[in-house]
>>> print(open('query.csv').read())   # CSV, N, CA and C atoms
chain,number,residue,atom,x,y,z
M,19,MET,N,-8.7,-6.8,-33.5
M,19,MET,CA,-9.2,-5.6,-32.7
M,19,MET,C,-9.2,-6.0,-31.2
M,20,ILE,N,-8.7,-5.1,-30.4
M,20,ILE,CA,-8.7,-5.3,-29.0
M,20,ILE,C,-9.9,-4.7,-28.3
M,21,ARG,N,-10.5,-5.3,-27.4
M,21,ARG,CA,-11.6,-4.8,-26.7
M,21,ARG,C,-11.3,-3.5,-25.9
M,22,PRO,N,-12.3,-2.6,-25.9
M,22,PRO,CA,-12.0,-1.4,-25.1
M,22,PRO,C,-11.7,-1.6,-23.7
M,23,ALA,N,-12.3,-2.6,-23.1
M,23,ALA,CA,-12.0,-2.9,-21.6
M,23,ALA,C,-10.5,-3.2,-21.4
M,24,MET,N,-9.9,-3.9,-22.4
M,24,MET,CA,-8.5,-4.2,-22.2
M,24,MET,C,-7.6,-3.0,-22.4
M,25,THR,N,-8.0,-2.1,-23.3
M,25,THR,CA,-7.2,-0.9,-23.4
M,25,THR,C,-7.3,0.0,-22.2
M,26,VAL,N,-8.5,0.1,-21.7
M,26,VAL,CA,-8.7,0.9,-20.5
M,26,VAL,C,-8.0,0.3,-19.3
M,27,TRP,N,-8.0,-1.0,-19.2
M,27,TRP,CA,-7.2,-1.7,-18.2
M,27,TRP,C,-5.7,-1.4,-18.3
M,28,HIS,N,-5.2,-1.4,-19.5
M,28,HIS,CA,-3.8,-1.0,-19.7
M,28,HIS,C,-3.5,0.4,-19.3
M,29,GLU,N,-4.4,1.3,-19.6
M,29,GLU,CA,-4.2,2.7,-19.2
M,29,GLU,C,-4.2,2.9,-17.7
M,30,ARG,N,-5.2,2.2,-17.1
M,30,ARG,CA,-5.3,2.3,-15.6
M,30,ARG,C,-4.1,1.7,-14.9
M,31,SER,N,-3.5,0.6,-15.5
M,31,SER,CA,-2.3,0.0,-15.0
M,31,SER,C,-1.2,1.0,-15.0
M,32,LEU,N,-1.0,1.6,-16.1
M,32,LEU,CA,0.1,2.6,-16.3
M,32,LEU,C,-0.1,3.8,-15.3
M,33,GLN,N,-1.4,4.2,-15.1
M,33,GLN,CA,-1.6,5.2,-14.1
M,33,GLN,C,-1.2,4.8,-12.7
M,34,LEU,N,-1.6,3.5,-12.4
M,34,LEU,CA,-1.2,3.0,-11.0
M,34,LEU,C,0.3,3.0,-10.9
M,35,ILE,N,1.0,2.6,-11.9
M,35,ILE,CA,2.5,2.5,-11.8
M,35,ILE,C,3.0,3.9,-11.6
M,36,ALA,N,2.5,4.9,-12.3
M,36,ALA,CA,3.0,6.3,-12.2
M,36,ALA,C,2.6,6.9,-10.8
M,37,LEU,N,1.5,6.5,-10.3
M,37,LEU,CA,1.1,7.1,-9.0
M,37,LEU,C,1.9,6.5,-7.9
M,38,THR,N,2.3,5.3,-8.0
M,38,THR,CA,3.0,4.7,-6.8
M,38,THR,C,4.5,4.9,-6.9
M,39,ASN,N,5.0,5.6,-7.9
M,39,ASN,CA,6.4,5.9,-7.9
M,39,ASN,C,6.7,7.3,-7.2
M,40,GLU,N,7.5,7.2,-6.1
M,40,GLU,CA,8.0,8.4,-5.4
M,40,GLU,C,6.9,9.4,-5.1
M,41,VAL,N,6.1,9.1,-4.1
M,41,VAL,CA,5.0,9.9,-3.7
M,41,VAL,C,5.5,10.8,-2.5
M,42,GLU,N,5.2,12.1,-2.5
M,42,GLU,CA,5.5,12.9,-1.4
M,42,GLU,C,4.6,12.7,-0.3
M,43,GLU,N,5.0,12.8,0.9
M,43,GLU,CA,4.2,12.6,2.1
M,43,GLU,C,3.0,13.6,2.2
M,44,ALA,N,3.2,14.8,1.7
M,44,ALA,CA,2.1,15.8,1.7
M,44,ALA,C,1.0,15.4,0.8
M,45,LYS,N,1.3,14.7,-0.3
M,45,LYS,CA,0.2,14.4,-1.2
M,45,LYS,C,-0.3,12.9,-1.1
M,46,ARG,N,0.2,12.2,-0.1
M,46,ARG,CA,-0.1,10.8,0.1
M,46,ARG,C,-1.6,10.5,0.2
M,47,GLU,N,-2.4,11.2,0.9
M,47,GLU,CA,-3.8,11.0,1.0
M,47,GLU,C,-4.5,11.1,-0.3
M,48,GLU,N,-4.1,12.1,-1.1
M,48,GLU,CA,-4.7,12.3,-2.4
M,48,GLU,C,-4.4,11.1,-3.3
M,49,VAL,N,-3.1,10.7,-3.2
M,49,VAL,CA,-2.7,9.6,-4.1
M,49,VAL,C,-3.4,8.3,-3.7
M,50,ILE,N,-3.6,8.0,-2.4
M,50,ILE,CA,-4.3,6.8,-1.9
M,50,ILE,C,-5.7,6.8,-2.5
M,51,GLU,N,-6.4,8.0,-2.4
M,51,GLU,CA,-7.8,8.1,-3.0
M,51,GLU,C,-7.8,7.8,-4.5
M,52,GLN,N,-6.8,8.3,-5.2
M,52,GLN,CA,-6.8,8.1,-6.6
M,52,GLN,C,-6.5,6.6,-6.9
M,53,ILE,N,-5.6,6.0,-6.1
M,53,ILE,CA,-5.3,4.5,-6.3
M,53,ILE,C,-6.6,3.7,-6.1
M,54,GLU,N,-7.3,4.0,-5.0
M,54,GLU,CA,-8.5,3.3,-4.7
M,54,GLU,C,-9.6,3.4,-5.8
M,55,LYS,N,-9.7,4.6,-6.4
M,55,LYS,CA,-10.6,4.9,-7.5
M,55,LYS,C,-10.2,4.0,-8.7
M,56,ILE,N,-9.0,4.0,-9.0
M,56,ILE,CA,-8.5,3.3,-10.2
M,56,ILE,C,-8.7,1.8,-10.0
M,57,LEU,N,-8.4,1.3,-8.8
M,57,LEU,CA,-8.6,-0.1,-8.5
M,57,LEU,C,-10.1,-0.5,-8.6
M,58,ASP,N,-11.0,0.4,-8.2
M,58,ASP,CA,-12.4,0.1,-8.3
M,58,ASP,C,-12.8,0.0,-9.8
M,59,GLU,N,-12.3,1.0,-10.6
M,59,GLU,CA,-12.6,0.9,-12.0
M,59,GLU,C,-12.1,-0.4,-12.6
M,60,ARG,N,-10.9,-0.8,-12.2
M,60,ARG,CA,-10.3,-2.0,-12.8
M,60,ARG,C,-11.2,-3.2,-12.4
M,61,ASP,N,-11.7,-3.2,-11.2
M,61,ASP,CA,-12.6,-4.2,-10.7
M,61,ASP,C,-13.8,-4.4,-11.7
M,62,LEU,N,-14.4,-3.3,-12.0
M,62,LEU,CA,-15.5,-3.3,-12.9
M,62,LEU,C,-15.1,-3.8,-14.3
M,63,LEU,N,-13.9,-3.4,-14.8
M,63,LEU,CA,-13.5,-3.8,-16.1
M,63,LEU,C,-13.2,-5.3,-16.2
M,64,GLN,N,-12.8,-5.9,-15.1
M,64,GLN,CA,-12.4,-7.3,-15.1
M,64,GLN,C,-13.5,-8.2,-15.6
M,65,SER,N,-14.7,-7.9,-15.2
M,65,SER,CA,-15.8,-8.8,-15.7
M,65,SER,C,-16.1,-8.7,-17.2
M,66,GLN,N,-15.6,-7.6,-17.8
M,66,GLN,CA,-15.8,-7.4,-19.3
M,66,GLN,C,-14.7,-8.1,-20.1
M,67,ILE,N,-13.6,-8.5,-19.4
M,67,ILE,CA,-12.5,-9.2,-20.1
M,67,ILE,C,-12.7,-10.7,-19.9
M,68,SER,N,-13.2,-11.4,-20.9
M,68,SER,CA,-13.4,-12.8,-20.7
M,68,SER,C,-13.2,-13.5,-22.1
M,69,GLN,N,-13.0,-14.8,-22.1
M,69,GLN,CA,-12.8,-15.5,-23.3
M,69,GLN,C,-14.0,-15.5,-24.2
M,70,PRO,N,-13.9,-15.8,-25.5
M,70,PRO,CA,-12.8,-16.1,-26.3
M,70,PRO,C,-12.0,-14.8,-26.7
M,71,PHE,N,-10.7,-15.0,-26.8
M,71,PHE,CA,-9.8,-13.9,-27.2
M,71,PHE,C,-9.3,-14.1,-28.6
M,72,THR,N,-9.2,-12.9,-29.3
M,72,THR,CA,-8.6,-12.9,-30.6
M,72,THR,C,-7.0,-13.0,-30.5
M,73,ALA,N,-6.3,-13.2,-31.6
M,73,ALA,CA,-4.9,-13.3,-31.5
M,73,ALA,C,-4.3,-12.0,-31.0
M,74,ALA,N,-4.8,-10.8,-31.4
M,74,ALA,CA,-4.4,-9.5,-31.0
M,74,ALA,C,-4.6,-9.4,-29.5
M,75,GLU,N,-5.8,-9.9,-29.0
M,75,GLU,CA,-6.1,-9.8,-27.6
M,75,GLU,C,-5.2,-10.7,-26.8
M,76,GLN,N,-4.8,-11.9,-27.3
M,76,GLN,CA,-3.8,-12.7,-26.7
M,76,GLN,C,-2.5,-12.0,-26.4
M,77,GLU,N,-2.0,-11.4,-27.4
M,77,GLU,CA,-0.7,-10.6,-27.3
M,77,GLU,C,-0.9,-9.5,-26.3
M,78,ALA,N,-2.0,-8.8,-26.4
M,78,ALA,CA,-2.2,-7.7,-25.4
M,78,ALA,C,-2.4,-8.2,-24.0
M,79,GLY,N,-3.0,-9.4,-23.9
M,79,GLY,CA,-3.1,-10.0,-22.6
M,79,GLY,C,-1.8,-10.4,-22.0
M,80,LYS,N,-0.8,-10.9,-22.8
M,80,LYS,CA,0.5,-11.2,-22.3
M,80,LYS,C,1.2,-9.9,-21.7
M,81,GLU,N,1.0,-8.8,-22.5
M,81,GLU,CA,1.6,-7.5,-22.0
M,81,GLU,C,0.9,-7.1,-20.7
M,82,LEU,N,-0.4,-7.3,-20.6
M,82,LEU,CA,-1.1,-6.9,-19.4
M,82,LEU,C,-0.7,-7.7,-18.2
M,83,ILE,N,-0.4,-9.0,-18.4
M,83,ILE,CA,0.1,-9.8,-17.3
M,83,ILE,C,1.4,-9.3,-16.8
M,84,GLU,N,2.3,-8.9,-17.7
M,84,GLU,CA,3.6,-8.4,-17.3
M,84,GLU,C,3.4,-7.0,-16.6
M,85,LEU,N,2.5,-6.2,-17.1
M,85,LEU,CA,2.2,-4.9,-16.5
M,85,LEU,C,1.6,-5.1,-15.1
M,86,GLU,N,0.8,-6.1,-15.0
M,86,GLU,CA,0.2,-6.4,-13.7
M,86,GLU,C,1.2,-6.8,-12.6
M,87,LYS,N,2.2,-7.5,-13.0
M,87,LYS,CA,3.3,-7.8,-12.1
M,87,LYS,C,4.0,-6.6,-11.6
M,88,GLN,N,4.2,-5.6,-12.5
M,88,GLN,CA,4.8,-4.3,-12.1
M,88,GLN,C,3.9,-3.6,-11.2
M,89,VAL,N,2.6,-3.6,-11.5
M,89,VAL,CA,1.6,-2.9,-10.6
M,89,VAL,C,1.6,-3.5,-9.2
M,90,GLN,N,1.6,-4.8,-9.1
M,90,GLN,CA,1.6,-5.5,-7.8
M,90,GLN,C,2.9,-5.1,-7.0
M,91,LEU,N,4.0,-5.1,-7.7
M,91,LEU,CA,5.3,-4.8,-7.1
M,91,LEU,C,5.3,-3.4,-6.6
M,92,ASN,N,4.8,-2.4,-7.4
M,92,ASN,CA,4.7,-1.0,-7.0
M,92,ASN,C,3.8,-0.8,-5.8
M,93,LEU,N,2.6,-1.4,-5.8
M,93,LEU,CA,1.6,-1.3,-4.7
M,93,LEU,C,2.2,-1.9,-3.4
M,94,ALA,N,2.9,-3.0,-3.5
M,94,ALA,CA,3.5,-3.6,-2.3
M,94,ALA,C,4.6,-2.7,-1.8
M,95,ARG,N,5.4,-2.1,-2.6
M,95,ARG,CA,6.4,-1.2,-2.2
M,95,ARG,C,5.8,0.1,-1.5
M,96,PHE,N,4.7,0.6,-2.1
M,96,PHE,CA,4.0,1.8,-1.6
M,96,PHE,C,3.5,1.5,-0.2
M,97,MET,N,2.8,0.3,-0.1
M,97,MET,CA,2.3,0.0,1.2
M,97,MET,C,3.4,-0.2,2.3
M,98,LYS,N,4.5,-0.8,1.9
M,98,LYS,CA,5.6,-1.0,2.8
M,98,LYS,C,6.2,0.4,3.3
M,99,THR,N,6.2,1.3,2.3
M,99,THR,CA,6.7,2.7,2.7
M,99,THR,C,5.8,3.3,3.7
M,100,ILE,N,4.5,3.2,3.5
M,100,ILE,CA,3.5,3.7,4.4
M,100,ILE,C,3.6,3.1,5.8
M,101,ARG,N,3.8,1.8,5.8
M,101,ARG,CA,3.9,1.1,7.1
M,101,ARG,C,5.2,1.5,7.8
M,102,ALA,N,6.3,1.7,7.1
M,102,ALA,CA,7.5,2.1,7.7
M,102,ALA,C,7.3,3.6,8.3
M,103,ASN,N,6.6,4.4,7.6
M,103,ASN,CA,6.4,5.8,8.1
M,103,ASN,C,5.5,5.8,9.3
M,104,ILE,N,4.5,4.9,9.3
M,104,ILE,CA,3.7,4.8,10.5
M,104,ILE,C,4.5,4.3,11.7
M,105,THR,N,5.3,3.3,11.5
M,105,THR,CA,6.1,2.8,12.6
M,105,THR,C,7.1,3.8,13.1
M,106,GLN,N,7.7,4.6,12.2
M,106,GLN,CA,8.6,5.6,12.5
M,106,GLN,C,7.9,6.7,13.4
M,107,SER,N,6.7,7.1,12.9
M,107,SER,CA,6.0,8.2,13.7
M,107,SER,C,5.6,7.7,15.1
M,108,GLN,N,5.2,6.4,15.2
M,108,GLN,CA,4.8,5.9,16.5
M,108,GLN,C,6.1,5.9,17.4
M,109,SER,N,7.2,5.5,16.8
M,109,SER,CA,8.4,5.5,17.6
M,109,SER,C,8.8,6.8,18.1
M,110,LYS,N,8.7,7.8,17.2
M,110,LYS,CA,9.0,9.2,17.6
M,110,LYS,C,8.1,9.7,18.8
M,111,LYS,N,6.8,9.3,18.7
M,111,LYS,CA,5.8,9.7,19.8
M,111,LYS,C,6.3,9.0,21.1
M,112,GLU,N,6.6,7.8,21.0
M,112,GLU,CA,7.1,7.1,22.2
M,112,GLU,C,8.3,7.7,22.8
M,113,ASN,N,9.3,8.0,22.0
M,113,ASN,CA,10.5,8.7,22.4
M,113,ASN,C,10.2,10.0,23.1
M,114,ILE,N,9.3,10.8,22.5
M,114,ILE,CA,8.9,12.1,23.1
M,114,ILE,C,8.3,11.9,24.4
M,115,ASN,N,7.4,10.9,24.6
M,115,ASN,CA,6.8,10.6,25.8
M,115,ASN,C,7.8,10.2,26.9
M,116,ASN,N,8.7,9.4,26.5
M,116,ASN,CA,9.8,8.9,27.4
M,116,ASN,C,10.7,10.1,27.9
M,117,TYR,N,10.9,11.0,27.0
M,117,TYR,CA,11.7,12.2,27.3
M,117,TYR,C,11.0,13.1,28.3
M,118,THR,N,9.7,13.3,28.1
M,118,THR,CA,9.0,14.2,29.0
M,118,THR,C,8.6,13.6,30.3
M,119,ASN,N,8.4,12.2,30.3
M,119,ASN,CA,8.1,11.5,31.5
M,119,ASN,C,8.9,10.3,31.6
M,120,PRO,N,10.2,10.4,32.1
M,120,PRO,CA,11.1,9.2,32.0
M,120,PRO,C,10.7,8.1,33.0
M,121,TYR,N,9.9,8.3,34.0
M,121,TYR,CA,9.6,7.3,34.9
M,121,TYR,C,8.1,6.8,34.7
M,122,GLY,N,7.5,7.2,33.6
M,122,GLY,CA,6.1,6.8,33.3
M,122,GLY,C,5.9,5.3,33.0
M,123,ASN,N,6.9,4.6,32.5
M,123,ASN,CA,6.7,3.2,32.1
M,123,ASN,C,7.3,2.2,33.1
M,124,MET,N,7.6,2.7,34.3
M,124,MET,CA,8.2,1.8,35.2
M,124,MET,C,7.1,0.9,35.9
M,125,MET,N,7.5,-0.3,36.2
M,125,MET,CA,6.6,-1.2,36.9
M,125,MET,C,6.7,-0.9,38.4
M,126,GLN,N,5.5,-0.6,39.0
M,126,GLN,CA,5.5,-0.3,40.4
M,126,GLN,C,4.5,-1.2,41.1
M,127,ASP,N,5.0,-2.4,41.3
M,127,ASP,CA,4.1,-3.4,42.0
M,127,ASP,C,4.1,-3.3,43.5
M,128,GLY,N,5.2,-2.8,44.1
M,128,GLY,CA,5.3,-2.6,45.5
M,128,GLY,C,5.5,-3.8,46.3
M,129,ALA,N,5.7,-4.9,45.7
M,129,ALA,CA,5.8,-6.2,46.4
M,129,ALA,C,7.2,-6.4,46.9
M,130,TYR,N,7.3,-6.8,48.2
M,130,TYR,CA,8.6,-7.1,48.7
M,130,TYR,C,8.3,-8.4,49.6
M,131,TYR,N,9.1,-9.4,49.4
M,131,TYR,CA,8.9,-10.6,50.1
M,131,TYR,C,10.0,-10.8,51.1
M,132,ASP,N,9.7,-10.9,52.4
M,132,ASP,CA,10.7,-11.2,53.4
M,132,ASP,C,10.7,-12.7,53.7
M,133,THR,N,11.8,-13.3,53.4
M,133,THR,CA,11.9,-14.8,53.6
M,133,THR,C,12.2,-15.2,55.0
M,134,LYS,N,12.6,-14.3,55.9
M,134,LYS,CA,13.0,-14.6,57.3
M,134,LYS,C,11.8,-14.9,58.2
M,135,HIS,N,10.7,-14.4,57.9
M,135,HIS,CA,9.5,-14.5,58.8
M,135,HIS,C,8.6,-15.5,58.4
>>> encode(input="query.csv", output="structure tokens")
Amino acid sequence: MIRPAMTVWHERSLQLIALTNEVEEAKREEVIEQIEKILDERDLLQSQISQPFTAAEQEAGKELIELEKQVQLNLARFMKTIRANITQSQSKKENINNYTNPYGNMMQDGAYYDTKH
């Protein structure tokens, strides 16, 4: 018999994988909140999963380890997408500012050194 904490962990891992696959930008905030909630739940479950394990739990544990690798991969990809979108939006803002004020970023130190005097 497998402990309930392990089955819930498995369900939460599958939910995380499903949430991190192809998220629309409009729903991103919602998805981030759900991900945080699920990760908090898994944090609480982790303390309930400890040795000794039965043979069935050993097998389930191997499956959970493989599932965890997929969760980590998906979360990393999700974060990378968010970072890329942030960088892209900052770049757009900078380009808009350069277009509206093309001489705004020029260095104007006003220094001129005359070497003849």
>>> select_by_dssp(input="query.csv", residues="chain M", states="alpha helix (DSSP H)", output="short mmCIF file (atom, residue, chain, number, x, y, z; two decimals) with N, CA and C atoms, in the coordinates of the input")
data_model
loop_
_atom_site.label_atom_id
_atom_site.label_comp_id
_atom_site.auth_asym_id
_atom_site.auth_seq_id
_atom_site.Cartn_x
_atom_site.Cartn_y
_atom_site.Cartn_z
N PRO M 22 -12.30 -2.60 -25.90
CA PRO M 22 -12.00 -1.40 -25.10
C PRO M 22 -11.70 -1.60 -23.70
N ALA M 23 -12.30 -2.60 -23.10
CA ALA M 23 -12.00 -2.90 -21.60
C ALA M 23 -10.50 -3.20 -21.40
N MET M 24 -9.90 -3.90 -22.40
CA MET M 24 -8.50 -4.20 -22.20
C MET M 24 -7.60 -3.00 -22.40
N THR M 25 -8.00 -2.10 -23.30
CA THR M 25 -7.20 -0.90 -23.40
C THR M 25 -7.30 0.00 -22.20
N VAL M 26 -8.50 0.10 -21.70
CA VAL M 26 -8.70 0.90 -20.50
C VAL M 26 -8.00 0.30 -19.30
N TRP M 27 -8.00 -1.00 -19.20
CA TRP M 27 -7.20 -1.70 -18.20
C TRP M 27 -5.70 -1.40 -18.30
N HIS M 28 -5.20 -1.40 -19.50
CA HIS M 28 -3.80 -1.00 -19.70
C HIS M 28 -3.50 0.40 -19.30
N GLU M 29 -4.40 1.30 -19.60
CA GLU M 29 -4.20 2.70 -19.20
C GLU M 29 -4.20 2.90 -17.70
N ARG M 30 -5.20 2.20 -17.10
CA ARG M 30 -5.30 2.30 -15.60
C ARG M 30 -4.10 1.70 -14.90
N SER M 31 -3.50 0.60 -15.50
CA SER M 31 -2.30 0.00 -15.00
C SER M 31 -1.20 1.00 -15.00
N LEU M 32 -1.00 1.60 -16.10
CA LEU M 32 0.10 2.60 -16.30
C LEU M 32 -0.10 3.80 -15.30
N GLN M 33 -1.40 4.20 -15.10
CA GLN M 33 -1.60 5.20 -14.10
C GLN M 33 -1.20 4.80 -12.70
N LEU M 34 -1.60 3.50 -12.40
CA LEU M 34 -1.20 3.00 -11.00
C LEU M 34 0.30 3.00 -10.90
N ILE M 35 1.00 2.60 -11.90
CA ILE M 35 2.50 2.50 -11.80
C ILE M 35 3.00 3.90 -11.60
N ALA M 36 2.50 4.90 -12.30
CA ALA M 36 3.00 6.30 -12.20
C ALA M 36 2.60 6.90 -10.80
N LEU M 37 1.50 6.50 -10.30
CA LEU M 37 1.10 7.10 -9.00
C LEU M 37 1.90 6.50 -7.90
N THR M 38 2.30 5.30 -8.00
CA THR M 38 3.00 4.70 -6.80
C THR M 38 4.50 4.90 -6.90
N ARG M 46 0.20 12.20 -0.10
CA ARG M 46 -0.10 10.80 0.10
C ARG M 46 -1.60 10.50 0.20
N GLU M 47 -2.40 11.20 0.90
CA GLU M 47 -3.80 11.00 1.00
C GLU M 47 -4.50 11.10 -0.30
N GLU M 48 -4.10 12.10 -1.10
CA GLU M 48 -4.70 12.30 -2.40
C GLU M 48 -4.40 11.10 -3.30
N VAL M 49 -3.10 10.70 -3.20
CA VAL M 49 -2.70 9.60 -4.10
C VAL M 49 -3.40 8.30 -3.70
N ILE M 50 -3.60 8.00 -2.40
CA ILE M 50 -4.30 6.80 -1.90
C ILE M 50 -5.70 6.80 -2.50
N GLU M 51 -6.40 8.00 -2.40
CA GLU M 51 -7.80 8.10 -3.00
C GLU M 51 -7.80 7.80 -4.50
N GLN M 52 -6.80 8.30 -5.20
CA GLN M 52 -6.80 8.10 -6.60
C GLN M 52 -6.50 6.60 -6.90
N ILE M 53 -5.60 6.00 -6.10
CA ILE M 53 -5.30 4.50 -6.30
C ILE M 53 -6.60 3.70 -6.10
N GLU M 54 -7.30 4.00 -5.00
CA GLU M 54 -8.50 3.30 -4.70
C GLU M 54 -9.60 3.40 -5.80
N LYS M 55 -9.70 4.60 -6.40
CA LYS M 55 -10.60 4.90 -7.50
C LYS M 55 -10.20 4.00 -8.70
N ILE M 56 -9.00 4.00 -9.00
CA ILE M 56 -8.50 3.30 -10.20
C ILE M 56 -8.70 1.80 -10.00
N LEU M 57 -8.40 1.30 -8.80
CA LEU M 57 -8.60 -0.10 -8.50
C LEU M 57 -10.10 -0.50 -8.60
N ASP M 58 -11.00 0.40 -8.20
CA ASP M 58 -12.40 0.10 -8.30
C ASP M 58 -12.80 0.00 -9.80
N GLU M 59 -12.30 1.00 -10.60
CA GLU M 59 -12.60 0.90 -12.00
C GLU M 59 -12.10 -0.40 -12.60
N ARG M 60 -10.90 -0.80 -12.20
CA ARG M 60 -10.30 -2.00 -12.80
C ARG M 60 -11.20 -3.20 -12.40
N ASP M 61 -11.70 -3.20 -11.20
CA ASP M 61 -12.60 -4.20 -10.70
C ASP M 61 -13.80 -4.40 -11.70
N LEU M 62 -14.40 -3.30 -12.00
CA LEU M 62 -15.50 -3.30 -12.90
C LEU M 62 -15.10 -3.80 -14.30
N LEU M 63 -13.90 -3.40 -14.80
CA LEU M 63 -13.50 -3.80 -16.10
C LEU M 63 -13.20 -5.30 -16.20
N GLN M 64 -12.80 -5.90 -15.10
CA GLN M 64 -12.40 -7.30 -15.10
C GLN M 64 -13.50 -8.20 -15.60
N ALA M 73 -6.30 -13.20 -31.60
CA ALA M 73 -4.90 -13.30 -31.50
C ALA M 73 -4.30 -12.00 -31.00
N ALA M 74 -4.80 -10.80 -31.40
CA ALA M 74 -4.40 -9.50 -31.00
C ALA M 74 -4.60 -9.40 -29.50
N GLU M 75 -5.80 -9.90 -29.00
CA GLU M 75 -6.10 -9.80 -27.60
C GLU M 75 -5.20 -10.70 -26.80
N GLN M 76 -4.80 -11.90 -27.30
CA GLN M 76 -3.80 -12.70 -26.70
C GLN M 76 -2.50 -12.00 -26.40
N GLU M 77 -2.00 -11.40 -27.40
CA GLU M 77 -0.70 -10.60 -27.30
C GLU M 77 -0.90 -9.50 -26.30
N ALA M 78 -2.00 -8.80 -26.40
CA ALA M 78 -2.20 -7.70 -25.40
C ALA M 78 -2.40 -8.20 -24.00
N GLY M 79 -3.00 -9.40 -23.90
CA GLY M 79 -3.10 -10.00 -22.60
C GLY M 79 -1.80 -10.40 -22.00
N LYS M 80 -0.80 -10.90 -22.80
CA LYS M 80 0.50 -11.20 -22.30
C LYS M 80 1.20 -9.90 -21.70
N GLU M 81 1.00 -8.80 -22.50
CA GLU M 81 1.60 -7.50 -22.00
C GLU M 81 0.90 -7.10 -20.70
N LEU M 82 -0.40 -7.30 -20.60
CA LEU M 82 -1.10 -6.90 -19.40
C LEU M 82 -0.70 -7.70 -18.20
N ILE M 83 -0.40 -9.00 -18.40
CA ILE M 83 0.10 -9.80 -17.30
C ILE M 83 1.40 -9.30 -16.80
N GLU M 84 2.30 -8.90 -17.70
CA GLU M 84 3.60 -8.40 -17.30
C GLU M 84 3.40 -7.00 -16.60
N LEU M 85 2.50 -6.20 -17.10
CA LEU M 85 2.20 -4.90 -16.50
C LEU M 85 1.60 -5.10 -15.10
N GLU M 86 0.80 -6.10 -15.00
CA GLU M 86 0.20 -6.40 -13.70
C GLU M 86 1.20 -6.80 -12.60
N LYS M 87 2.20 -7.50 -13.00
CA LYS M 87 3.30 -7.80 -12.10
C LYS M 87 4.00 -6.60 -11.60
N GLN M 88 4.20 -5.60 -12.50
CA GLN M 88 4.80 -4.30 -12.10
C GLN M 88 3.90 -3.60 -11.20
N VAL M 89 2.60 -3.60 -11.50
CA VAL M 89 1.60 -2.90 -10.60
C VAL M 89 1.60 -3.50 -9.20
N GLN M 90 1.60 -4.80 -9.10
CA GLN M 90 1.60 -5.50 -7.80
C GLN M 90 2.90 -5.10 -7.00
N LEU M 91 4.00 -5.10 -7.70
CA LEU M 91 5.30 -4.80 -7.10
C LEU M 91 5.30 -3.40 -6.60
N ASN M 92 4.80 -2.40 -7.40
CA ASN M 92 4.70 -1.00 -7.00
C ASN M 92 3.80 -0.80 -5.80
N LEU M 93 2.60 -1.40 -5.80
CA LEU M 93 1.60 -1.30 -4.70
C LEU M 93 2.20 -1.90 -3.40
N ALA M 94 2.90 -3.00 -3.50
CA ALA M 94 3.50 -3.60 -2.30
C ALA M 94 4.60 -2.70 -1.80
N ARG M 95 5.40 -2.10 -2.60
CA ARG M 95 6.40 -1.20 -2.20
C ARG M 95 5.80 0.10 -1.50
N PHE M 96 4.70 0.60 -2.10
CA PHE M 96 4.00 1.80 -1.60
C PHE M 96 3.50 1.50 -0.20
N MET M 97 2.80 0.30 -0.10
CA MET M 97 2.30 0.00 1.20
C MET M 97 3.40 -0.20 2.30
N LYS M 98 4.50 -0.80 1.90
CA LYS M 98 5.60 -1.00 2.80
C LYS M 98 6.20 0.40 3.30
N THR M 99 6.20 1.30 2.30
CA THR M 99 6.70 2.70 2.70
C THR M 99 5.80 3.30 3.70
N ILE M 100 4.50 3.20 3.50
CA ILE M 100 3.50 3.70 4.40
C ILE M 100 3.60 3.10 5.80
N ARG M 101 3.80 1.80 5.80
CA ARG M 101 3.90 1.10 7.10
C ARG M 101 5.20 1.50 7.80
N ALA M 102 6.30 1.70 7.10
CA ALA M 102 7.50 2.10 7.70
C ALA M 102 7.30 3.60 8.30
N ASN M 103 6.60 4.40 7.60
CA ASN M 103 6.40 5.80 8.10
C ASN M 103 5.50 5.80 9.30
N ILE M 104 4.50 4.90 9.30
CA ILE M 104 3.70 4.80 10.50
C ILE M 104 4.50 4.30 11.70
N THR M 105 5.30 3.30 11.50
CA THR M 105 6.10 2.80 12.60
C THR M 105 7.10 3.80 13.10
N GLN M 106 7.70 4.60 12.20
CA GLN M 106 8.60 5.60 12.50
C GLN M 106 7.90 6.70 13.40
N SER M 107 6.70 7.10 12.90
CA SER M 107 6.00 8.20 13.70
C SER M 107 5.60 7.70 15.10
N GLN M 108 5.20 6.40 15.20
CA GLN M 108 4.80 5.90 16.50
C GLN M 108 6.10 5.90 17.40
N SER M 109 7.20 5.50 16.80
CA SER M 109 8.40 5.50 17.60
C SER M 109 8.80 6.80 18.10
N LYS M 110 8.70 7.80 17.20
CA LYS M 110 9.00 9.20 17.60
C LYS M 110 8.10 9.70 18.80
N LYS M 111 6.80 9.30 18.70
CA LYS M 111 5.80 9.70 19.80
C LYS M 111 6.30 9.00 21.10
N GLU M 112 6.60 7.80 21.00
CA GLU M 112 7.10 7.10 22.20
C GLU M 112 8.30 7.70 22.80
N ASN M 113 9.30 8.00 22.00
CA ASN M 113 10.50 8.70 22.40
C ASN M 113 10.20 10.00 23.10
N ILE M 114 9.30 10.80 22.50
CA ILE M 114 8.90 12.10 23.10
C ILE M 114 8.30 11.90 24.40
N ASN M 115 7.40 10.90 24.60
CA ASN M 115 6.80 10.60 25.80
C ASN M 115 7.80 10.20 26.90
N ASN M 116 8.70 9.40 26.50
CA ASN M 116 9.80 8.90 27.40
C ASN M 116 10.70 10.10 27.90
N TYR M 117 10.90 11.00 27.00
CA TYR M 117 11.70 12.20 27.30
C TYR M 117 11.00 13.10 28.30
N THR M 118 9.70 13.30 28.10
CA THR M 118 9.00 14.20 29.00
C THR M 118 8.60 13.60 30.30
#
>>> atom_distance(input="query.csv", atom1="atom C of Ser68 in chain M", atom2="atom C of Gln33 in chain M")
23.8 Å
>>> atom_distance(input="query.csv", atom1="CA of Arg30 in chain M", atom2="CA of Thr99 in chain M")
21.9 Å
>>> atom_distance(input="query.csv", atom1="CA of Glu112 in chain M", atom2="CA of Ala94 in chain M")
27.0 Å
>>> residues_around(input="query.csv", residues="Ile20 in chain M", least_positions_apart="6", cutoff="8 Å", atoms="all atoms listed in the file", output="ChimeraX atom specification")
/M:72,74-76,78
